[in-house]
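Working notes, structure below.
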Amino acid sequence: MSDRTRSDGEEFVAAADETLRGAYDPPMSLDTYVDRVLERPTAAASGAGYILAAVESYGTREVRERGETLDRYRFFDDPANDGEHAVLGNTRALNAFVDDLRAAATGRGSDETIVWIDGPTATGKSEFKRCLVNGLRAFSKTDAGRRYTVEWNVSGAGSGGGGSAASLSYGDGADAGEWYRSPVQSHPLSVFPEQVRTSIADAVDGDAYPIAADVELDPFSREAYDHLESAYRERGRRDLFSAITDRDHLRVTSYVVDVGRGIGVLHAEDDGTAKERLVGSWMGGMLRELDSRGRKNPQAFSYDGVLSQGNGVAAVVEDASQHADLLRRLLNVPDERRVKLDKGIGMDLDTQLIVISNPDLDAELDRHAERGDADPLKALKRRLSKHEFRYLTNRRLEARLLRREIAGATAVEGAGDADDATVGAGAIAGGDSGDDAAGARADPGAAPLSIEVRESDGAAVEREIAPHAVGAAALYAVVTRLDADDSPGDLDLIETAELYETGEVRRGDDAVTVDDVALAEGDGRNGIPVTYARDAVADLLATTADRSHPDLPVERVVTPTDVLDAMADGLADAPVFSRAEAAEFEGRRGPVAERVRERQREDVIDAILAEETVSTETVAEYVEHVYAWDEDDPTDRERADEAPDPLAMKVFETETLGRFDESDYRGTDPTRDVERFRRERVIRGLTRYAWRNRGEEFSVDDVDLAEVPELKAVIDANDLEDVKRRFPDLDPAAWADPPTDTETERVKAETVERLRERGYSRASAELTSRAVMEDVREEWPDVDAGRAGDEGPDDADRNGGGDPWD
């Protein structure tokens with residue numbers, strides 16, 4: 001190129017060149033391809049093996065679902081498309097699908113299986129299909145995932161006995177030197193005679209992804225092969241196979257796996273005869289032009305059926321109940337790995353069959369169940385390997401899904417850090433909001449969303465979905481999916497949802513874990529789908545709320561209460577719910593609203609007391625002193641810097657915790673109650689194992705104090721009593737419009753500003769803090785009374801209303 005600067009257009013063209021340069025291999029000879037296969041067997045893996053290799057190429061991460069920690073394949077997070085079509089949840093079903101692939105790839109008796117993805121609407125089945133396509137397409141563009149087929153050129157071979165050299169041109173009069181690709185992505189190894197293919201398979205090192213050595217050439221390619229064989233046999237060539245597969249006639253080329261090429265998809269609206277939908281159709285005009293020797297020429301076939309397009313990788317039948325007539329015809333495909341174009345023309349297949357359906361397919365398959373062994377669908381049902389997709393029962397995942405539905409937010413933000421795997425206790429209620437992105441990673445339900453909405457006059461207006469609004473909708477949807485009559489143990493619906501999300505529910509000093517209870521089998525099969533919650537929020541965004549403020553656009557804020565009211569009020573008119581379901585789901589709104597109010601209250605009180613909050617460092621220093629003080633702990637090593645400080649412990653326990661007073665000490669020496677508190681509450685909060693197995697450099701900093709429930713309670717121990725104690729002149733009743741130069745005015749201004757730093761807008765901070773103060777004003781006169789009536793050192797309510805170490 002000359003010295004002139006590239007134009008923007010040239011830069012884009014250059015970028016496109018670079019993108020495509022890495023997506024394909026240059027055409028190669030057959031022997032070069034065989035060398036490639038011997039070096040990298042995935043290049044010739046079977047359809048099931050190829051999908052398995054693609055899935056495993058992205059590795060795994062840990063997640064928590066139904067309270068259990070599972071390994072999840074990152075492939076299903078749609079990393080190739082930035083998570084846009086990630087399959088949220090349903091990890092057990094996805095892992096079972098991968099197990100089917102592995103069994104089919106290795107031929108362990110499951111290679112005849114038809115995978116069946118089943119579940120109600122909006123459970124992620126369509127996302128599964130899109131994620132599968134995205135992942136396979138991206139994998140095929142990598143060196144490790146290249147997929148290959150053959151191209152033919154019969155020019156220069158003479159007429160032989162099979163017609164002119166132009167016979168591969170589909171009768172269009174194209175140049176004789178043109179190359180024609182196999183219309184069904186035939187494996188290059190299928191060119192070899194069967195015995196040689198077997199020898200190649202035996203020579204491949206490793207069996208993780210066995211190669212496809214048991215398929216013949218497709219009918220189109222067979223026409224080319226037979227034409228070349230006839231021509232060179234007439235010439236007396238002794239190296240007949242070498243002549244047929246000469247680089248001038250045959251070349252191996254890579255292709256990008258996509259719908260129509262390696263992936264066949266049969267949609268619900270596709271019509272035609274069974275043969276047309278499965279394989280393709282004969283083209284009458286071309287039949288007349290290409291008819292040879294009184295038979296049908298396979299070059300006059302369309303090869304646009306789901307099996308033809310999916311040969312080499314996968315064939316997917318969407319909404320299978322709409323194509324129930326095809327399922328019986330599919331029965332022999334995995335058995336025989338072959339399908340017919342016509343009576344005398346068959347085609348070998350290598351494809352993983354996947355059918356996707358709503359629960360109505362069950363009814364279709366059971367039409368003849370009463371006939372027992374005479375059921376004509378019995379053999380098909382044995383072939384189907386069912387994997388049930390359910391509605392999410394993890395509020396955190398549901399919130400991610402709802403954010404994606406509302407605003408197109410990436411579904412698995414932070415998946416690379418396995419953030420779904422480490423959800424601390426209490427996450428059911430929310431977390432730090434931060435900005436939209438950071439808040440979504442910390443807790444997608446607590447984080448706000450900003451949506452640009454176009455009004456009737458064409459003007460674009462920014463609308464805010466307030467913090468916890470998405471979480472409220474997610475929690476409401478989740479609790480409707482739980483079986484109230486079969487709740488595990490004595491847990492209520494909110495606690496069950498927390499159990500599913502975090503793996504445990506705290507009850508004072510005790511914790512109920514998933515190992516302690518029997519989870520309901522039916523959870524997730526019914527309930528409010530994410531699409532219903534999405535539509536409720538969309539309707540709210542399209543209208544303004546009936547409220548106002550002289551300075552703030554509070555009418556443009558969608559609050560958690562708005563969302564819960566809209567979801568509950570619309571149940572009776574929604575056609576997807578029966579009357580009984582609508583009534584039952586409406587009754588579950590109350591506990592959700594109460595939990596959301598608790599989270600809003602925590603946010604506001606934390607913001608009020610932000611400067612007074614006990615830091616992790618302060619708690620860590622106190623814990624170091626307590627361990628050094630404990631006479632049972634082996635601290636007599638030379639660690640002089642760890643000598644306990646009695647005064648520091650006393651000050652922390654009396655002033656910071658408010659747990660004891662002067663009467664509980666003799667100077668700085670603790671009484672029995674203080675000693676018991678330190679040993680039974682503090683030391684038990686940390687595992688003795690972690691302490692006693694420390695190295696010489698061990699510090700309490702090696703323990704994440706925020707994950708120890710007893711210590712977390714202190715770090716986060718901000719409550720109404722603390723507010724009253726630290727701001728005695730605060731008046732909750734005046735919060736909406738505080739008088740000038742009052743403590744209420746100052747505290748409110750600082751609180752709103754801190755809420756803004758944590759993700760709220762001024763408008764949503766105003767609305768939320770008003771609602772919280774309206775709730776607490778009735779409690780305000782009783783705060784001191786609650787503290788005054790609780791003087792005994794053995795009582796657990798020294799801090800008024802509850803022990804933070806519990």
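Residues are named by chain letter and number: chains run A, B, ... in the order of the structure tokens, numbers start at 1 in each chain, and ligands are numbered from 1 in the order shown.
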
Please identify all polymer residues within 10 Å of Arg261 in chain A, counting only C-alpha atoms, omitting same-chain residues fewer than 4 positions from it, and present them as a PyMOL selection string.
chain A and resi 183-185+255-257+304+308-314

Resulting file, chosen residues, N, CA and C atoms, as a PDB file, in the first residue's frame:
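Resulting contents of again.pdb:
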ATOM      1  N   PRO A 183     -23.129 -31.538  -0.431  1.00  0.00           N
ATOM      2  CA  PRO A 183     -24.260 -30.763   0.100  1.00  0.00           C
ATOM      3  C   PRO A 183     -24.640 -31.137   1.527  1.00  0.00           C
ATOM      4  N   VAL A 184     -24.072 -32.241   2.044  1.00  0.00           N
ATOM      5  CA  VAL A 184     -24.421 -32.666   3.402  1.00  0.00           C
ATOM      6  C   VAL A 184     -23.169 -32.814   4.285  1.00  0.00           C
ATOM      7  N   GLN A 185     -22.130 -32.055   3.950  1.00  0.00           N
ATOM      8  CA  GLN A 185     -20.921 -32.003   4.784  1.00  0.00           C
ATOM      9  C   GLN A 185     -20.325 -33.385   5.063  1.00  0.00           C
ATOM     10  N   TYR A 255     -15.129 -25.808   6.964  1.00  0.00           N
ATOM     11  CA  TYR A 255     -16.335 -24.982   6.908  1.00  0.00           C
ATOM     12  C   TYR A 255     -16.697 -24.549   8.319  1.00  0.00           C
ATOM     13  N   VAL A 256     -17.377 -23.426   8.425  1.00  0.00           N
ATOM     14  CA  VAL A 256     -17.848 -22.931   9.708  1.00  0.00           C
ATOM     15  C   VAL A 256     -19.199 -23.570   9.998  1.00  0.00           C
ATOM     16  N   VAL A 257     -19.289 -24.257  11.102  1.00  0.00           N
ATOM     17  CA  VAL A 257     -20.533 -24.912  11.493  1.00  0.00           C
ATOM     18  C   VAL A 257     -21.588 -23.854  11.788  1.00  0.00           C
ATOM     19  N   ASP A 304     -32.242 -30.130   1.755  1.00  0.00           N
ATOM     20  CA  ASP A 304     -32.503 -29.038   2.686  1.00  0.00           C
ATOM     21  C   ASP A 304     -33.331 -29.481   3.893  1.00  0.00           C
ATOM     22  N   SER A 308     -30.307 -33.586   6.582  1.00  0.00           N
ATOM     23  CA  SER A 308     -29.275 -33.256   5.596  1.00  0.00           C
ATOM     24  C   SER A 308     -28.441 -32.070   6.066  1.00  0.00           C
ATOM     25  N   GLN A 309     -29.110 -31.029   6.545  1.00  0.00           N
ATOM     26  CA  GLN A 309     -28.389 -29.855   7.014  1.00  0.00           C
ATOM     27  C   GLN A 309     -27.565 -30.169   8.255  1.00  0.00           C
ATOM     28  N   GLY A 310     -28.086 -31.067   9.081  1.00  0.00           N
ATOM     29  CA  GLY A 310     -27.394 -31.370  10.330  1.00  0.00           C
ATOM     30  C   GLY A 310     -26.408 -32.503  10.239  1.00  0.00           C
ATOM     31  N   ASN A 311     -26.220 -33.074   9.057  1.00  0.00           N
ATOM     32  CA  ASN A 311     -25.251 -34.166   8.939  1.00  0.00           C
ATOM     33  C   ASN A 311     -23.869 -33.660   9.316  1.00  0.00           C
ATOM     34  N   GLY A 312     -23.180 -34.430  10.135  1.00  0.00           N
ATOM     35  CA  GLY A 312     -21.844 -34.066  10.573  1.00  0.00           C
ATOM     36  C   GLY A 312     -21.802 -33.529  11.979  1.00  0.00           C
ATOM     37  N   VAL A 313     -22.909 -32.930  12.483  1.00  0.00           N
ATOM     38  CA  VAL A 313     -22.892 -32.380  13.835  1.00  0.00           C
ATOM     39  C   VAL A 313     -24.219 -32.678  14.554  1.00  0.00           C
ATOM     40  N   ALA A 314     -25.267 -31.877  14.310  1.00  0.00           N
ATOM     41  CA  ALA A 314     -26.488 -32.020  15.098  1.00  0.00           C
ATOM     42  C   ALA A 314     -27.722 -31.682  14.278  1.00  0.00           C
TER      43      ALA A 314
END

Picked from range 502-636 of chain A by DSSP as strand (DSSP E or B), as JSON, numbers by chain:
{"A": [504, 505, 506, 507, 510, 511, 512, 513, 557, 558]}

Can those selected residues be exported to a file as a PDB file, in the first residue's frame so that it contains N, CA, C and O atoms?
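part23.pdb, freshly written:
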ATOM      1  N   GLU A 504     -28.070 -22.904  52.731  1.00  0.00           N
ATOM      2  CA  GLU A 504     -28.385 -23.017  54.145  1.00  0.00           C
ATOM      3  C   GLU A 504     -29.277 -21.865  54.582  1.00  0.00           C
ATOM      4  O   GLU A 504     -29.347 -20.824  53.934  1.00  0.00           O
ATOM      5  N   VAL A 505     -29.970 -22.070  55.708  1.00  0.00           N
ATOM      6  CA  VAL A 505     -30.785 -21.033  56.324  1.00  0.00           C
ATOM      7  C   VAL A 505     -30.343 -20.927  57.775  1.00  0.00           C
ATOM      8  O   VAL A 505     -30.319 -21.931  58.499  1.00  0.00           O
ATOM      9  N   ARG A 506     -29.968 -19.718  58.190  1.00  0.00           N
ATOM     10  CA  ARG A 506     -29.512 -19.512  59.556  1.00  0.00           C
ATOM     11  C   ARG A 506     -30.697 -19.310  60.486  1.00  0.00           C
ATOM     12  O   ARG A 506     -31.638 -18.579  60.187  1.00  0.00           O
ATOM     13  N   ARG A 507     -30.638 -19.992  61.634  1.00  0.00           N
ATOM     14  CA  ARG A 507     -31.614 -19.805  62.698  1.00  0.00           C
ATOM     15  C   ARG A 507     -30.863 -19.685  64.011  1.00  0.00           C
ATOM     16  O   ARG A 507     -30.577 -20.680  64.669  1.00  0.00           O
ATOM     17  N   ASP A 510     -27.842 -21.974  64.846  1.00  0.00           N
ATOM     18  CA  ASP A 510     -27.964 -23.175  64.032  1.00  0.00           C
ATOM     19  C   ASP A 510     -28.163 -22.825  62.566  1.00  0.00           C
ATOM     20  O   ASP A 510     -28.602 -21.730  62.213  1.00  0.00           O
ATOM     21  N   ALA A 511     -27.839 -23.782  61.725  1.00  0.00           N
ATOM     22  CA  ALA A 511     -28.037 -23.613  60.286  1.00  0.00           C
ATOM     23  C   ALA A 511     -28.716 -24.855  59.732  1.00  0.00           C
ATOM     24  O   ALA A 511     -28.317 -25.987  60.032  1.00  0.00           O
ATOM     25  N   VAL A 512     -29.746 -24.645  58.948  1.00  0.00           N
ATOM     26  CA  VAL A 512     -30.416 -25.734  58.231  1.00  0.00           C
ATOM     27  C   VAL A 512     -29.825 -25.776  56.836  1.00  0.00           C
ATOM     28  O   VAL A 512     -29.842 -24.773  56.117  1.00  0.00           O
ATOM     29  N   THR A 513     -29.259 -26.899  56.437  1.00  0.00           N
ATOM     30  CA  THR A 513     -28.625 -27.025  55.133  1.00  0.00           C
ATOM     31  C   THR A 513     -29.425 -27.978  54.248  1.00  0.00           C
ATOM     32  O   THR A 513     -30.346 -28.660  54.707  1.00  0.00           O
ATOM     33  N   VAL A 557     -39.851   6.559  38.557  1.00  0.00           N
ATOM     34  CA  VAL A 557     -39.170   5.468  39.250  1.00  0.00           C
ATOM     35  C   VAL A 557     -40.127   4.293  39.416  1.00  0.00           C
ATOM     36  O   VAL A 557     -41.271   4.467  39.855  1.00  0.00           O
ATOM     37  N   VAL A 558     -39.673   3.113  39.049  1.00  0.00           N
ATOM     38  CA  VAL A 558     -40.423   1.881  39.287  1.00  0.00           C
ATOM     39  C   VAL A 558     -39.873   1.259  40.560  1.00  0.00           C
ATOM     40  O   VAL A 558     -38.714   0.839  40.614  1.00  0.00           O
TER      41      VAL A 558
END

DSSP on the backbone, then: every residue of range 432-530 of chain A marked alpha helix (DSSP H), written as a compact mmCIF listing (two decimals) with N, CA, C and O atoms, in the first residue's frame.
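The resulting file, out-v1.txt, is reproduced below:
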# COMPACT_ATOMS: atom_id res chain seq x y z
N ASP A 436 -24.71 0.03 37.91
CA ASP A 436 -25.49 -1.04 37.30
C ASP A 436 -24.69 -2.32 37.11
O ASP A 436 -25.13 -3.40 37.42
N ALA A 437 -23.46 -2.19 36.55
CA ALA A 437 -22.67 -3.38 36.25
C ALA A 437 -22.14 -4.03 37.52
O ALA A 437 -22.29 -5.21 37.74
N ALA A 438 -21.51 -3.22 38.38
CA ALA A 438 -20.95 -3.76 39.61
C ALA A 438 -22.05 -4.31 40.50
O ALA A 438 -21.92 -5.36 41.12
N GLY A 439 -23.18 -3.60 40.55
CA GLY A 439 -24.28 -4.06 41.37
C GLY A 439 -24.85 -5.37 40.88
O GLY A 439 -25.24 -6.23 41.65
N ALA A 440 -24.93 -5.52 39.55
CA ALA A 440 -25.45 -6.76 39.00
C ALA A 440 -24.56 -7.92 39.34
O ALA A 440 -25.02 -9.04 39.54
N ARG A 441 -23.24 -7.68 39.42
CA ARG A 441 -22.33 -8.76 39.79
C ARG A 441 -22.47 -9.09 41.27
O ARG A 441 -22.44 -10.25 41.66
N ALA A 442 -22.60 -8.03 42.14
CA ALA A 442 -22.71 -8.27 43.57
C ALA A 442 -24.03 -8.96 43.88
O ALA A 442 -24.09 -9.93 44.60
N ALA A 469 -36.02 -3.76 43.00
CA ALA A 469 -37.24 -4.01 42.24
C ALA A 469 -37.10 -5.29 41.42
O ALA A 469 -38.03 -6.12 41.36
N VAL A 470 -35.97 -5.47 40.77
CA VAL A 470 -35.74 -6.70 40.01
C VAL A 470 -35.71 -7.90 40.97
O VAL A 470 -36.28 -8.96 40.69
N GLY A 471 -35.06 -7.71 42.11
CA GLY A 471 -35.00 -8.79 43.09
C GLY A 471 -36.37 -9.14 43.64
O GLY A 471 -36.66 -10.32 43.91
N ALA A 472 -37.23 -8.14 43.80
CA ALA A 472 -38.59 -8.40 44.28
C ALA A 472 -39.35 -9.25 43.28
O ALA A 472 -40.02 -10.23 43.65
N ALA A 473 -39.26 -8.88 41.99
CA ALA A 473 -39.94 -9.66 40.96
C ALA A 473 -39.38 -11.08 40.90
O ALA A 473 -40.13 -12.05 40.75
N ALA A 474 -38.06 -11.20 41.02
CA ALA A 474 -37.42 -12.52 40.95
C ALA A 474 -37.84 -13.39 42.14
O ALA A 474 -38.17 -14.57 41.97
N LEU A 475 -37.83 -12.81 43.34
CA LEU A 475 -38.21 -13.60 44.52
C LEU A 475 -39.67 -14.00 44.45
O LEU A 475 -40.03 -15.13 44.81
N TYR A 476 -40.52 -13.10 43.99
CA TYR A 476 -41.95 -13.42 43.87
C TYR A 476 -42.15 -14.58 42.89
O TYR A 476 -42.89 -15.54 43.17
N ALA A 477 -41.46 -14.51 41.74
CA ALA A 477 -41.58 -15.59 40.77
C ALA A 477 -41.09 -16.91 41.36
O ALA A 477 -41.72 -17.96 41.19
N VAL A 478 -39.99 -16.86 42.09
CA VAL A 478 -39.40 -18.09 42.66
C VAL A 478 -40.34 -18.72 43.67
O VAL A 478 -40.57 -19.94 43.66
N VAL A 479 -40.93 -17.93 44.58
CA VAL A 479 -41.76 -18.54 45.62
C VAL A 479 -43.04 -19.13 45.04
O VAL A 479 -43.61 -20.05 45.64
N THR A 480 -43.49 -18.63 43.88
CA THR A 480 -44.66 -19.26 43.26
C THR A 480 -44.31 -20.61 42.64
O THR A 480 -45.22 -21.39 42.31
N LEU A 493 -41.80 -20.47 52.71
CA LEU A 493 -41.43 -20.32 51.31
C LEU A 493 -40.20 -19.43 51.13
O LEU A 493 -39.34 -19.71 50.29
N ILE A 494 -40.11 -18.36 51.90
CA ILE A 494 -38.96 -17.46 51.78
C ILE A 494 -37.69 -18.18 52.23
O ILE A 494 -36.64 -18.07 51.58
N GLU A 495 -37.79 -18.94 53.30
CA GLU A 495 -36.61 -19.68 53.77
C GLU A 495 -36.22 -20.77 52.77
O GLU A 495 -35.03 -21.03 52.56
N THR A 496 -37.21 -21.40 52.16
CA THR A 496 -36.91 -22.41 51.15
C THR A 496 -36.18 -21.79 49.97
O THR A 496 -35.22 -22.36 49.43
N ALA A 497 -36.63 -20.61 49.54
CA ALA A 497 -35.95 -19.90 48.46
C ALA A 497 -34.52 -19.57 48.85
O ALA A 497 -33.60 -19.68 48.03
N GLU A 498 -34.31 -19.18 50.10
CA GLU A 498 -32.95 -18.89 50.57
C GLU A 498 -32.11 -20.16 50.60
O GLU A 498 -30.92 -20.14 50.25
N LEU A 499 -32.72 -21.27 50.99
CA LEU A 499 -32.01 -22.54 51.01
C LEU A 499 -31.54 -22.91 49.60
O LEU A 499 -30.40 -23.35 49.41
N TYR A 500 -32.43 -22.73 48.62
CA TYR A 500 -32.05 -23.04 47.24
C TYR A 500 -30.93 -22.13 46.74
O TYR A 500 -30.10 -22.54 45.94
N GLU A 501 -30.91 -20.90 47.22
CA GLU A 501 -29.91 -19.95 46.72
C GLU A 501 -28.56 -20.09 47.41
O GLU A 501 -27.51 -20.04 46.76
N THR A 502 -28.58 -20.24 48.73
CA THR A 502 -27.32 -20.20 49.47
C THR A 502 -26.87 -21.54 50.02
O THR A 502 -25.73 -21.69 50.43
N VAL A 530 -40.74 -16.12 33.75
CA VAL A 530 -40.01 -14.85 33.68
C VAL A 530 -40.66 -13.89 32.69
O VAL A 530 -40.61 -12.67 32.85

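The neighbours of range 191-195 of chain A here are the residues that come within 8 Å of it, using only C-alpha atoms and leaving out any residue fewer than 4 positions away in the same chain; they are His187, Ser199, Ala213, Asp214, Glu216 and Leu217 of chain A.
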
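Pairwise distance (CA of Ala157 in chain A, CA of Arg237 in chain A) equals 11.8 Å.
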
If we count only C-alpha atoms, what is near Pro728 in chain A at a cut-off of 10 Å, once residues fewer than 4 positions away on the same chain are taken out, given as a count of residues only?
5

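Closest to Trp116 in chain A among A:Tyr180, A:Tyr665, A:Phe389, A:Phe139 is A:Phe389, based on only C-alpha atoms.
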
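With only C-alpha atoms as the atoms that count, the minimum distance from Glu521 in chain A to the choices A:Glu289, A:Arg403, A:Phe727, A:Arg390 is reached by A:Arg390.
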
Just the residues within 9 Å of range 267-272 of chain A, please, counting only C-alpha atoms, with nothing from its chain fewer than 2 positions along; format it as a PDB file with N, CA and C atoms, in the first residue's frame.
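Below is the file that was written, out_19.pdb:
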ATOM      1  N   VAL A 265     -32.032 -27.385  11.763  1.00  0.00           N
ATOM      2  CA  VAL A 265     -33.063 -26.981  12.721  1.00  0.00           C
ATOM      3  C   VAL A 265     -34.412 -27.043  12.023  1.00  0.00           C
ATOM      4  N   ALA A 274     -43.198 -35.534   5.175  1.00  0.00           N
ATOM      5  CA  ALA A 274     -42.215 -35.997   6.153  1.00  0.00           C
ATOM      6  C   ALA A 274     -40.830 -36.076   5.532  1.00  0.00           C
ATOM      7  N   LYS A 275     -40.748 -36.585   4.286  1.00  0.00           N
ATOM      8  CA  LYS A 275     -39.442 -36.699   3.634  1.00  0.00           C
ATOM      9  C   LYS A 275     -38.828 -35.321   3.390  1.00  0.00           C
ATOM     10  N   GLU A 276     -39.658 -34.357   2.975  1.00  0.00           N
ATOM     11  CA  GLU A 276     -39.138 -33.008   2.727  1.00  0.00           C
ATOM     12  C   GLU A 276     -38.594 -32.389   4.008  1.00  0.00           C
ATOM     13  N   ARG A 277     -39.303 -32.580   5.109  1.00  0.00           N
ATOM     14  CA  ARG A 277     -38.835 -31.998   6.361  1.00  0.00           C
ATOM     15  C   ARG A 277     -37.588 -32.692   6.896  1.00  0.00           C
ATOM     16  N   VAL A 316     -31.724 -30.655  15.073  1.00  0.00           N
ATOM     17  CA  VAL A 316     -32.578 -30.211  16.167  1.00  0.00           C
ATOM     18  C   VAL A 316     -34.003 -30.045  15.660  1.00  0.00           C
ATOM     19  N   VAL A 317     -34.959 -30.683  16.335  1.00  0.00           N
ATOM     20  CA  VAL A 317     -36.372 -30.513  16.026  1.00  0.00           C
ATOM     21  C   VAL A 317     -36.985 -29.652  17.121  1.00  0.00           C
ATOM     22  N   GLU A 318     -37.303 -28.398  16.789  1.00  0.00           N
ATOM     23  CA  GLU A 318     -37.914 -27.488  17.756  1.00  0.00           C
ATOM     24  C   GLU A 318     -39.407 -27.748  17.861  1.00  0.00           C
ATOM     25  N   ASP A 319     -39.957 -27.453  19.049  1.00  0.00           N
ATOM     26  CA  ASP A 319     -41.395 -27.626  19.287  1.00  0.00           C
ATOM     27  C   ASP A 319     -41.862 -28.954  18.699  1.00  0.00           C
ATOM     28  N   ALA A 320     -41.265 -30.016  19.201  1.00  0.00           N
ATOM     29  CA  ALA A 320     -41.426 -31.339  18.592  1.00  0.00           C
ATOM     30  C   ALA A 320     -42.872 -31.808  18.546  1.00  0.00           C
ATOM     31  N   SER A 321     -43.736 -31.311  19.418  1.00  0.00           N
ATOM     32  CA  SER A 321     -45.127 -31.755  19.377  1.00  0.00           C
ATOM     33  C   SER A 321     -45.806 -31.342  18.078  1.00  0.00           C
ATOM     34  N   GLN A 322     -45.278 -30.288  17.419  1.00  0.00           N
ATOM     35  CA  GLN A 322     -45.820 -29.879  16.124  1.00  0.00           C
ATOM     36  C   GLN A 322     -45.361 -30.811  15.005  1.00  0.00           C
ATOM     37  N   HIS A 323     -44.357 -31.622  15.267  1.00  0.00           N
ATOM     38  CA  HIS A 323     -43.828 -32.562  14.270  1.00  0.00           C
ATOM     39  C   HIS A 323     -43.863 -33.983  14.824  1.00  0.00           C
TER      40      HIS A 323
END

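You will find CA of Glu178 in chain A at 10.2 Å from CA of His249 in chain A.
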
Separation of CA of Lys650 in chain A and CA of Trp629 in chain A, in Å?
12.3 Å

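Closest approach to Tyr532 in chain A among A:Ala446, A:Ala122, A:Ala734, A:Ile608 is made by A:Ala122 (distances from only C-alpha atoms).
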
Name the residues in contact with Thr768 in chain A at a cut-off of 9 Å, using only C-alpha atoms, excluding same-chain residues fewer than 5 positions from it; report them as an mmCIF file with C-alpha atoms, in the first residue's frame.
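Output contents, as saved in out-v3.cif:
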data_model
loop_
_atom_site.group_PDB
_atom_site.id
_atom_site.type_symbol
_atom_site.label_atom_id
_atom_site.label_comp_id
_atom_site.auth_asym_id
_atom_site.auth_seq_id
_atom_site.Cartn_x
_atom_site.Cartn_y
_atom_site.Cartn_z
ATOM 1 C CA ALA A 466 -35.108 1.110 41.596
ATOM 2 C CA THR A 559 -40.227 0.713 42.891
ATOM 3 C CA GLN A 600 -34.762 -1.498 51.961
ATOM 4 C CA ARG A 601 -34.661 -0.855 55.678
ATOM 5 C CA VAL A 604 -31.374 3.061 54.639
ATOM 6 C CA ALA A 763 -35.523 10.084 43.320
ATOM 7 C CA MET A 773 -39.051 6.007 57.878
#

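Closest to Arg382 in chain A among A:Arg222, A:Arg328, A:Arg595, A:Arg684 is A:Arg328, based on only C-alpha atoms.
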
Exercise: Asp562 in chain A partners within 9 Å, only C-alpha atoms, chain neighbours under 4 positions left out, as a list of chain:residue names
A:Ala469, A:Val537, A:Leu540, A:Ala545, A:Val558, A:Ala566, A:Met567
